[in-house]
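This report refers to the structure that appears directly beneath it.
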Amino acid sequence: MKYLPKDMNKKPKTTFLHDYQPPPFTINKVNLHFKLEEEYTTVRAELSLRRCSNSRDLILNGGPDLKLLTIALDKRPLTAEEYSLEPSQLIIKNPPQEFILQTTVRIKPHENTALEGLYRSNSIFCSQCEAEGFRKITYFLDRPDIMSIYTTTIEAHSDRYPVLLSNGNLIEKGSLDNGRHFARWHDPFPKPCYIFALVAGDLAVLTDSFTTKSGRSVELQIYSEHHNADKCGHAMRALQKAMAWDEKRFNLEYDLDLYMIVAVDDFNAGAMENKGLNIFNSKYILARPQTATDQDYEGIESVVGHEYFHNWTGDRVTCRDWFQLSLKEGLTVFRDQEFTADTSSRAIKRINDVTALRNLQFPEDAGPMAHPVRPASYVEINNFYTLTVYEKGAEVIRMLHTMLGEETFQAGMRIYIARHDGQAVTTEDFVQAMEDAWNQSAAAPVPASLEQFKIWYDQAGTPRLYINSSHDPDAGTFTLTVRQEPGPMAGSAARLSHIPLRLALLDRQGNELNLKLKGREYPASGMILHIKKATESFTFSDIKEAPIPSLLRGFSAPVELKYDYSRDDLRFLLRHDQDPFNRWEAGQRLMTASLLAQINNFQAGIEPQAEEDIIDIFRTILTPDFHPDATFKAQLLTLPSEDYLSAQMQEIDVEAIHSIRELYRRAIGRRLESLLLTTYRDNTPPRPYTYNPESAGRRRLKNLCLSYLMAARTDKAVALCLRQLDEADNMSDELSALTTLTHAGCPEREAVLAIFFEKWQHETLVMDKWFAIQATAPLTTTLERVKELMK
Ligand code: BES
Ligand code: ZN
C-alpha cells in the first residue's frame with residue numbers, strides 16, 4: 001500500500017491512545033504565503049491562535065528542516081527570551097489568550113526526497129502532508145483535531161510555474177515584477193492541516209463539469225504533465241461517475257465550486273484526498289488502451305472514487321487523532337467498494353475483495369505485525385497505513401451495514417454527518433451514530449446495543465467460528481452449534497466479538513428453506529444470526545430433510561469459518577447456492593482440500609496427482625452455458641493462491657505448495673486443452689478495445705485460459721501467446737501474453753522482453769510493468785535478473 005521512509009532523526013517515542021488530550025490552543029485562521037524560488041522556498045505563516053486550556057506555553061511542531069527567519073506576535077518581533085527553538089519544536093513562552101503569530105521559514109523542496117511536506121520533482125512543486133508532513137512546511141500544531149480556515153498565496157516564476165494551485169477557490173491572481181506571478185486561494189471549510197495542498201508547475205489541464213443534484217455547476221480539472229494530457233479522460237469520467245453515485249447512494253453532494261486532481265510521477269502513496277485538490281500517483285490517473293490494462297482502468301475508477309468520497313468521510317468530518325485513522329480510511333474503503341459494486345458487479349467485487357483480505361490482511365493479523373483496527377499505541381504513524389486499518393476497517397463498517405440494513409445504515413450516516421460536520425471525531429462517535437439510528441428503526445432488537453461490537457476496533461486477530469450441525473428427522477429440527485474463538489493474536493485478555501453470521505438452508509433440490517427460529521420466521525433468502533457468546537446453539541424448526549447450510553453468505557464477517565463440509569456438499573453448493581460468493585467459496589474449499597491433500601503426499605514422498613474431481617469441476621465450469629458472466633467464471637477457475645494455501649498450513653512448505661499448484665495448473669492445461677482453446681476463442685472481445693467490465697471480464701477469462709494452456713507448455717500454446725503478443729491492440733492482452741511467456745520460463749522470453757522494451761521504453765508506467773514481470777517470475781534466475789535490472 002504505502003512505503004513511506006522512516007525518519008531516521010526521530011528518537012523512537014511511543015504515543016498512546018489513552019494519553020489523548022484536547023489541543024491546548026485552537027487555530028481558527030491560517031494565512032500562508034509561499035515564495036517559490038529555485039534554491040529555496042520562503043513560507044510566511046500568520047496563525048490566529050486562542051488558548052483553550054490552562055497551559056502556559058504554546059508548543060508548535062516543526063523542524064529540523066525549517067530555518068526560522070522571522071517571528072512576531074501581534075506584529076511585534078519576539079525577543080530571544082520569548083521563544084525557544086528546539087530540533088523539532090518551537091515554543092512560544094506564555095503568549096496572551098488570543099493572538100496572531102507570524103513566522104517566516106525557509107525550506108528546500110528540491111532537496112526533499114522523503115516526499116513529505118513540500119517537494120519538487122520533475123520541475124513540479126507538490127505537497128504531501130498526511131500524516132505529519134505539514135510540520136515540514138511551517139511551524140504548526142500538526143494534529144488533525146486542529147481545524148482552520150486557510151487562505152494561501154503562492155508566488156513563483158510565471159514561465160516555469162504557470163499553474164499555481166491550492167485548496168478551495170481561486171480568489172485573486174496577477175503578475176508581479178521580474179517575470180513572476182501569484183495566485184491566492186481561499187478554502188471556506190475548516191480543515192486539518194494534513195489535507196492542505198500546494199502544487200506549482202507547468203501542467204496541462206483537462207476541464208469538464210458536473211452539475212450537482214441541487215443544480216450547482218462544479219468545475220472539474222485534471223492536471224498532468226503535457227505529454228500525458230491525452231490520458232486523463234478515463235479519470236474524468238470516473239470522477240463524474242463517483243460524484244453522481246455519492247449523491248444517489250449516500251445523498252452527499254460536493255461542496256466547493258471547483259474540484260482539482262493533479263497527477264504526478266513521484267508520490268509516496270496511491271493518492272491523497274487534499275480538500276478540493278487531490279494529488280495522485282500518475283498510475284491512478286493516466287490511461288489509454290495501448291498502455292493501461294483493464295486492471296489499471298479499474299484501479300483508476302476506484303482510487304478516483306476513494307479520494308472523492310473522502311470529501312465527506314475524512315475532510316468535512318475528520319479524525320480526532322491518528323489512532324482513529326480507520327474512521328476515515330475504513331469507511332472510505334467501504335464506500336469505494338460499494339461504488340464499484342453498484343457500478344459493475346456486486347458478486348465479483350465481493351469475491352475480489354475477500355480474496356485480497358484473506359491473502360493479505362489475514363496473514364498480517366496472524367503474524368508479528370498484528371494490531372487492532374484502532375491501535376492502542378504507535379511509534380511511527382506512517383507504519384500504520386496497513387491492510388488491517390484499511391481492509392479490516394472496511395469489513396467492520398460492512399458488518400454494521402449488514403446488521404442494520406441499507407436504510408438504517410444510511411440513517412446512521414445522516415446522523416454521523418449532521419452531528420459531526422466540521423469536527424474531528426473518534427470511531428466511537430461513528431458507532432454511536434449507527435447505534436442511535438438502529439434504535440430509531442423499527443426493525444431493531446430492543447435495545448440495540450453495539451457495545452460488544454466495538455471490540456472489533458480494539459482487538460487484533462482473525463476470530464474463528466467453529467460450526468457443527470445436526471438434523472433430527474423425528475422432531476423436524478436442524479441445529480447449528482456455533483463456537484467462537486478469538487484469533488491467536490488477540491492477546492491473553494481476548495474478549496468475544498459480536499459476529500453477524502448470514503446464512504440460509506438449502507434442500508436437496510437447492511431451494512432455500514423457510515427459516516423458523518424460536519417461533520419467529522425469517523426470509524428463506526437468508527437471515528443474520530448475531531453470534532455473541534463463546535458457544536451457542538440455534539435450532540430451526542419444520543426442517544424435514546437434512547439441509548445443506550450456506551454459511552457466512554457474502555462473507556458477512558471477517559472470520560475463519562470452520563465447518564466440516566463433505567466434498568459432495570461443496571459440489572452441491574458450487575452448483576446451486578443462490579449466494580454467488582458462497583458458490584465461489586465452495587469451489588475454493590474443494591480446491592483447497594484437494595491441493596492440501598496432495599501437498600501432504602508430496603511431503604510424505606508419495607507421488608502427488610491432480611485429483612480427478614478437480615479436473616471435472618474445471619471441465620464443468622468451462623462448459624459455455626455454465627454461467628453467463630465471464631469474470632465470475634474466471635474467479636471460479638482460479639486456484640487458491642500460494643499465500644492462501646500457506647495460511648492453511650501449520651508449517652509453510654513453500655516448495656511443496658508451489659510444486660503442487662503447478663502440477664494442477666499443468667494438468668488442467670493438458671487435460672482440458674480443447675475446452676480452454678474454445679473458451680479462449682469465444683471470449684476475445686471485438687476490436688477496437690474499449691474498457692468496460694463486461695469485455696474486461698472476457699479478457700480476464702481468455703487470458704486465464706491462456707495461462708493454463710501455457711502451464712502445459714505445448715507448442716500450440718507458445719504460438720498462441722506469441723500471436724497474441726503480436727496482434728494485441730491493448731495492454732491487457734499484450735501484458736498477459738508477455739507475463740505468461742516470461743513466467744513459464746520459455747526460451748522465447750528474452751526476445752519478447754527486448755521487443756517490449758524497445759517499444760515502450762519512453763512510457764514510464766509501462767516500464768514499471770516490464771520490471772515487475774521480471775521481478776515476479778517464479779524462476780530460479782529471478783534474483784540474478786533483479787540485480788541486473790537494478791543497474
Ligand atoms: N489518505 C490516503 C493517502 C495517504 C495516506 C497518503 C498517508 C500518504 C500518507 C488515501 O486516501 C488512500 O488511502 N490512498 C490509498 C488508495 C486507496 C484507494 C485505498 C493509497 O494511497 O494506497
Ligand atoms: Zn483513503
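Chains: A, B, ... in order of the C-alpha cells. Residues: from 1 per chain. Ligands: from 1, in order shown.
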
Go through chain A residue by residue and, counting only C-alpha atoms and all ligand atoms, keep those with an atom at most 7 Å from ligand 1; for each kept residue give the shortest atom pair and its distance in Å to one decimal, ordered by chain and increasing number, as CSV.
```
residue,atom,partner,partner_atom_place_in_ligand_line,distance
A:Met1,CA,ligand 1,22 (O),4.6
A:Lys2,CA,ligand 1,22 (O),5.7
A:Gln128,CA,ligand 1,8 (C),6.7
A:Glu130,CA,ligand 1,9 (C),4.8
A:Ala131,CA,ligand 1,9 (C),5.6
A:Asn268,CA,ligand 1,8 (C),6.4
A:Ala269,CA,ligand 1,21 (O),4.0
A:Gly270,CA,ligand 1,21 (O),3.2
A:Ala271,CA,ligand 1,21 (O),4.5
A:Met272,CA,ligand 1,3 (C),4.4
A:Glu273,CA,ligand 1,11 (O),5.5
A:Ser302,CA,ligand 1,18 (C),6.2
A:Val303,CA,ligand 1,18 (C),4.1
A:His306,CA,ligand 1,18 (C),5.2
A:Glu307,CA,ligand 1,11 (O),5.4
A:His310,CA,ligand 1,11 (O),6.9
A:Glu329,CA,ligand 1,13 (O),6.1
A:Val333,CA,ligand 1,19 (C),6.2
A:Asn382,CA,ligand 1,7 (C),6.7
A:Tyr385,CA,ligand 1,7 (C),6.5
```

Going by DSSP on the backbone, which bits of segment 66-130 of chain A are helix (DSSP H, G or I)? Write them as a CSV table (one decimal) with all heavy atoms, in the first residue's frame, please.
```csv
chain,number,residue,atom,x,y,z
A,80,ALA,N,14.6,37.0,22.0
A,80,ALA,CA,15.2,35.6,22.2
A,80,ALA,C,14.6,35.0,23.5
A,80,ALA,O,14.5,33.7,23.5
A,80,ALA,CB,16.7,35.7,22.2
A,81,GLU,N,14.3,35.8,24.5
A,81,GLU,CA,13.7,35.2,25.7
A,81,GLU,C,12.3,34.7,25.6
A,81,GLU,O,11.8,34.0,26.4
A,81,GLU,CB,13.8,36.2,26.9
A,81,GLU,CG,15.2,36.6,27.3
A,81,GLU,CD,15.9,37.5,26.3
A,81,GLU,OE1,15.2,38.5,25.9
A,81,GLU,OE2,17.0,37.2,26.0
A,82,GLU,N,11.6,35.3,24.6
A,82,GLU,CA,10.2,35.0,24.5
A,82,GLU,C,9.8,33.7,23.8
A,82,GLU,O,8.7,33.3,23.7
A,82,GLU,CB,9.5,36.2,23.8
A,82,GLU,CG,9.4,37.4,24.7
A,82,GLU,CD,8.9,38.6,24.0
A,82,GLU,OE1,9.5,39.0,22.9
A,82,GLU,OE2,7.9,39.2,24.5
A,109,PRO,N,12.6,22.5,-1.0
A,109,PRO,CA,11.8,21.5,-1.6
A,109,PRO,C,12.6,20.6,-2.6
A,109,PRO,O,12.3,19.4,-2.7
A,109,PRO,CB,10.7,22.2,-2.3
A,109,PRO,CG,10.6,23.5,-1.6
A,109,PRO,CD,12.0,23.9,-1.2
A,110,HIS,N,13.6,21.2,-3.2
A,110,HIS,CA,14.3,20.3,-4.2
A,110,HIS,C,15.3,19.3,-3.6
A,110,HIS,O,15.7,18.4,-4.2
A,110,HIS,CB,15.1,21.2,-5.2
A,110,HIS,CG,16.2,22.1,-4.6
A,110,HIS,ND1,15.9,23.2,-3.9
A,110,HIS,CD2,17.5,21.9,-4.6
A,110,HIS,CE1,17.0,23.7,-3.4
A,110,HIS,NE2,18.0,22.9,-3.8
A,111,GLU,N,15.5,19.5,-2.3
A,111,GLU,CA,16.4,18.5,-1.6
A,111,GLU,C,15.5,17.5,-0.8
A,111,GLU,O,16.0,16.6,-0.2
A,111,GLU,CB,17.3,19.3,-0.6
A,111,GLU,CG,18.4,20.0,-1.3
A,111,GLU,CD,19.3,20.7,-0.3
A,111,GLU,OE1,19.1,20.6,1.0
A,111,GLU,OE2,20.2,21.5,-0.7
```

Nearest to ligand 2, chosen from A:Ser55, A:Thr386, A:Gln97, A:Ser441, with only C-alpha atoms and all ligand atoms counted in the distances: A:Thr386

A:Gly405, A:Gly117, A:Gly314, A:Pro22 ranked by distance to ligand 2, top pick (using only C-alpha atoms and all ligand atoms):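 Closest residue, counting only C-alpha atoms and all ligand atoms: A:Gly314.
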
Residues of segment 10-192 of chain A in strand (DSSP E), written as a VMD selection string: chain A and resid 15 to 16 25 to 36 41 to 51 58 to 61 67 to 73 76 to 77 83 to 86 89 to 92 98 to 107 117 to 121 124 to 128 148 to 157 163 to 166 169 to 175 180 to 191

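Reported to one decimal place, the separation of atom CA of Asn31 of chain A from atom CA of Leu90 of chain A is 18.4 Å.
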
Selected residue of minimal separation from ligand 2 among A:Thr212, A:Ser175, A:Ser326, A:Thr426, counting only C-alpha atoms and all ligand atoms: A:Ser326

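The protein and nucleic acid residues lying at most 10 Å from Leu704 of chain A are Ala634, Gln635, Leu637, Thr638, Leu676, Thr679, Tyr680, Arg698, Arg699, Arg700, Leu701, Ser707, Tyr708, Leu709, Met710, Ser736 and Thr740 of chain A, with only C-alpha atoms considered and sequence neighbours fewer than 3 positions away removed.
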
Near Lys533 of chain A, counting only C-alpha atoms, which residues have an atom at most 12 Å away, once you skip same-chain residues fewer than 2 positions from it, shown as a compact mmCIF listing (two decimals) with C-alpha atoms, in the first residue's frame?
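Produced file around-v3.txt, reproduced below:
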```txt
# COMPACT_ATOMS: atom_id res chain seq x y z
CA GLN A 452 -19.77 -5.69 22.19
CA LEU A 465 -16.11 -19.73 14.02
CA THR A 481 -23.92 -25.05 17.19
CA VAL A 482 -21.60 -22.11 16.85
CA ARG A 483 -18.45 -21.70 18.87
CA GLN A 484 -16.24 -18.65 18.52
CA GLU A 485 -12.61 -18.31 19.37
CA PRO A 486 -10.69 -15.04 19.23
CA ARG A 495 -12.85 -10.86 24.50
CA LEU A 496 -15.64 -12.33 22.41
CA SER A 497 -16.74 -10.48 19.31
CA HIS A 498 -20.22 -9.70 18.05
CA ILE A 499 -20.26 -11.54 14.72
CA LEU A 529 -27.52 -14.72 13.46
CA HIS A 530 -25.86 -12.44 15.99
CA ILE A 531 -23.04 -14.52 17.43
CA THR A 535 -20.89 -21.26 22.28
CA GLU A 536 -24.47 -21.03 21.24
CA SER A 537 -26.98 -23.31 19.54
```

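When only C-alpha atoms are used to compute distances to Leu517 of chain A, the closest of the residues A:Ser550, A:Thr355, A:Thr427, A:Thr477 turns out to be A:Thr477.
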
Close residues, segment 67-71 of chain A itself excluded, 8 Å, only C-alpha atoms, min 6 positions apart in chain, as a PyMOL selection string: chain A and resi 77-78+101-107

Output N, CA and C atoms for every residue in the selection just made, as a compact mmCIF listing (two decimals), in the first residue's frame.
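Result written to selection26.txt:
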```
# COMPACT_ATOMS: atom_id res chain seq x y z
N PRO A 77 8.05 41.74 16.75
CA PRO A 77 9.06 40.68 16.73
C PRO A 77 9.34 40.17 18.14
N LEU A 78 9.48 38.85 18.29
CA LEU A 78 9.75 38.29 19.62
C LEU A 78 11.23 38.39 19.93
N LEU A 101 0.25 34.91 15.45
CA LEU A 101 1.66 34.57 15.38
C LEU A 101 2.10 34.58 13.94
N GLN A 102 3.17 35.33 13.67
CA GLN A 102 3.71 35.37 12.31
C GLN A 102 5.09 34.75 12.31
N THR A 103 5.30 33.79 11.42
CA THR A 103 6.65 33.24 11.28
C THR A 103 7.04 33.26 9.82
N THR A 104 8.32 33.34 9.58
CA THR A 104 8.84 33.14 8.23
C THR A 104 9.90 32.05 8.31
N VAL A 105 9.77 31.06 7.46
CA VAL A 105 10.78 29.99 7.45
C VAL A 105 11.25 29.78 6.02
N ARG A 106 12.41 29.16 5.93
CA ARG A 106 12.95 28.82 4.62
C ARG A 106 13.07 27.29 4.54
N ILE A 107 12.59 26.73 3.45
CA ILE A 107 12.72 25.27 3.26
C ILE A 107 13.34 25.00 1.89
```

Spatial neighbours of segment 249-259 of chain A, 7 Å, only C-alpha atoms, chain gap at least 6 places, as a PyMOL selection string: chain A and resi 168-169+212+217-221+276-277+410

Residues from last step as file, all heavy atoms, as a CSV table (one decimal), in the first residue's frame:
```csv
chain,number,residue,atom,x,y,z
A,168,GLY,N,-9.5,25.0,-2.2
A,168,GLY,CA,-10.6,25.9,-2.2
A,168,GLY,C,-10.8,26.6,-3.5
A,168,GLY,O,-10.7,26.0,-4.6
A,169,ASN,N,-11.2,27.9,-3.4
A,169,ASN,CA,-11.5,28.7,-4.6
A,169,ASN,C,-10.4,29.7,-4.9
A,169,ASN,O,-9.8,30.3,-3.9
A,169,ASN,CB,-12.8,29.4,-4.4
A,169,ASN,CG,-13.9,28.4,-4.1
A,169,ASN,OD1,-14.1,27.4,-4.8
A,169,ASN,ND2,-14.7,28.7,-3.1
A,212,THR,N,-24.5,19.4,-9.7
A,212,THR,CA,-24.9,18.6,-8.6
A,212,THR,C,-26.4,18.5,-8.5
A,212,THR,O,-27.1,19.2,-9.3
A,212,THR,CB,-24.5,19.3,-7.3
A,212,THR,OG1,-25.2,20.6,-7.1
A,212,THR,CG2,-23.0,19.6,-7.3
A,217,SER,N,-23.2,24.1,-10.5
A,217,SER,CA,-22.2,23.6,-11.5
A,217,SER,C,-20.8,23.6,-10.9
A,217,SER,O,-20.4,24.6,-10.4
A,217,SER,CB,-22.2,24.5,-12.8
A,217,SER,OG,-21.2,24.0,-13.6
A,218,VAL,N,-20.2,22.5,-10.9
A,218,VAL,CA,-18.8,22.4,-10.3
A,218,VAL,C,-17.8,22.2,-11.5
A,218,VAL,O,-18.1,21.3,-12.3
A,218,VAL,CB,-18.7,21.1,-9.4
A,218,VAL,CG1,-17.3,21.0,-8.8
A,218,VAL,CG2,-19.8,21.2,-8.3
A,219,GLU,N,-16.8,23.0,-11.5
A,219,GLU,CA,-15.8,22.8,-12.5
A,219,GLU,C,-14.8,21.7,-12.1
A,219,GLU,O,-14.3,21.7,-10.9
A,219,GLU,CB,-15.0,24.1,-12.7
A,219,GLU,CG,-13.9,24.0,-13.7
A,219,GLU,CD,-13.5,25.3,-14.4
A,219,GLU,OE1,-14.3,26.2,-14.4
A,219,GLU,OE2,-12.4,25.3,-15.0
A,220,LEU,N,-14.5,20.8,-13.0
A,220,LEU,CA,-13.6,19.7,-12.7
A,220,LEU,C,-12.4,19.9,-13.5
A,220,LEU,O,-12.4,20.1,-14.8
A,220,LEU,CB,-14.3,18.3,-13.1
A,220,LEU,CG,-15.7,18.1,-12.6
A,220,LEU,CD1,-16.2,16.8,-13.1
A,220,LEU,CD2,-15.7,18.2,-11.0
A,221,GLN,N,-11.2,19.7,-12.9
A,221,GLN,CA,-9.9,19.9,-13.6
A,221,GLN,C,-9.0,18.8,-13.3
A,221,GLN,O,-8.8,18.5,-12.1
A,221,GLN,CB,-9.3,21.2,-13.2
A,221,GLN,CG,-10.2,22.5,-13.5
A,221,GLN,CD,-9.5,23.7,-13.1
A,221,GLN,OE1,-8.7,23.8,-12.2
A,221,GLN,NE2,-9.9,24.9,-13.7
A,276,GLY,N,-10.4,19.6,-2.1
A,276,GLY,CA,-10.6,20.3,-3.4
A,276,GLY,C,-9.4,20.2,-4.4
A,276,GLY,O,-9.4,20.7,-5.5
A,277,LEU,N,-8.3,19.5,-3.9
A,277,LEU,CA,-7.1,19.4,-4.7
A,277,LEU,C,-6.4,18.1,-4.4
A,277,LEU,O,-5.4,18.0,-3.7
A,277,LEU,CB,-6.1,20.6,-4.4
A,277,LEU,CG,-4.8,20.7,-5.0
A,277,LEU,CD1,-4.8,20.6,-6.5
A,277,LEU,CD2,-4.0,21.9,-4.6
A,410,GLN,N,-27.9,4.1,6.3
A,410,GLN,CA,-27.9,5.5,5.7
A,410,GLN,C,-28.5,6.5,6.7
A,410,GLN,O,-28.0,7.6,6.8
A,410,GLN,CB,-28.7,5.5,4.4
A,410,GLN,CG,-28.0,4.8,3.3
A,410,GLN,CD,-26.7,5.3,2.9
A,410,GLN,OE1,-26.3,6.4,3.3
A,410,GLN,NE2,-25.9,4.6,2.1
```

Atomic distance atom CA of Ile467 of chain A - atom CA of Ala493 of chain A, expressed in Å with one decimal: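 Taking atom CA of Ile467 of chain A and atom CA of Ala493 of chain A, their separation equals 23.5 Å.
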
Atomic separation - atom CA of Val389 of chain A relative to atom CA of Lys13 of chain A, Å: 21.2 Å

Which of A:Gly510, A:Gly179, A:Pro372, A:Gly305 sits closest to ligand 2 [using only C-alpha atoms and all ligand atoms]: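 Residue with the minimum atom-to-atom distance to ligand 2: A:Gly305.
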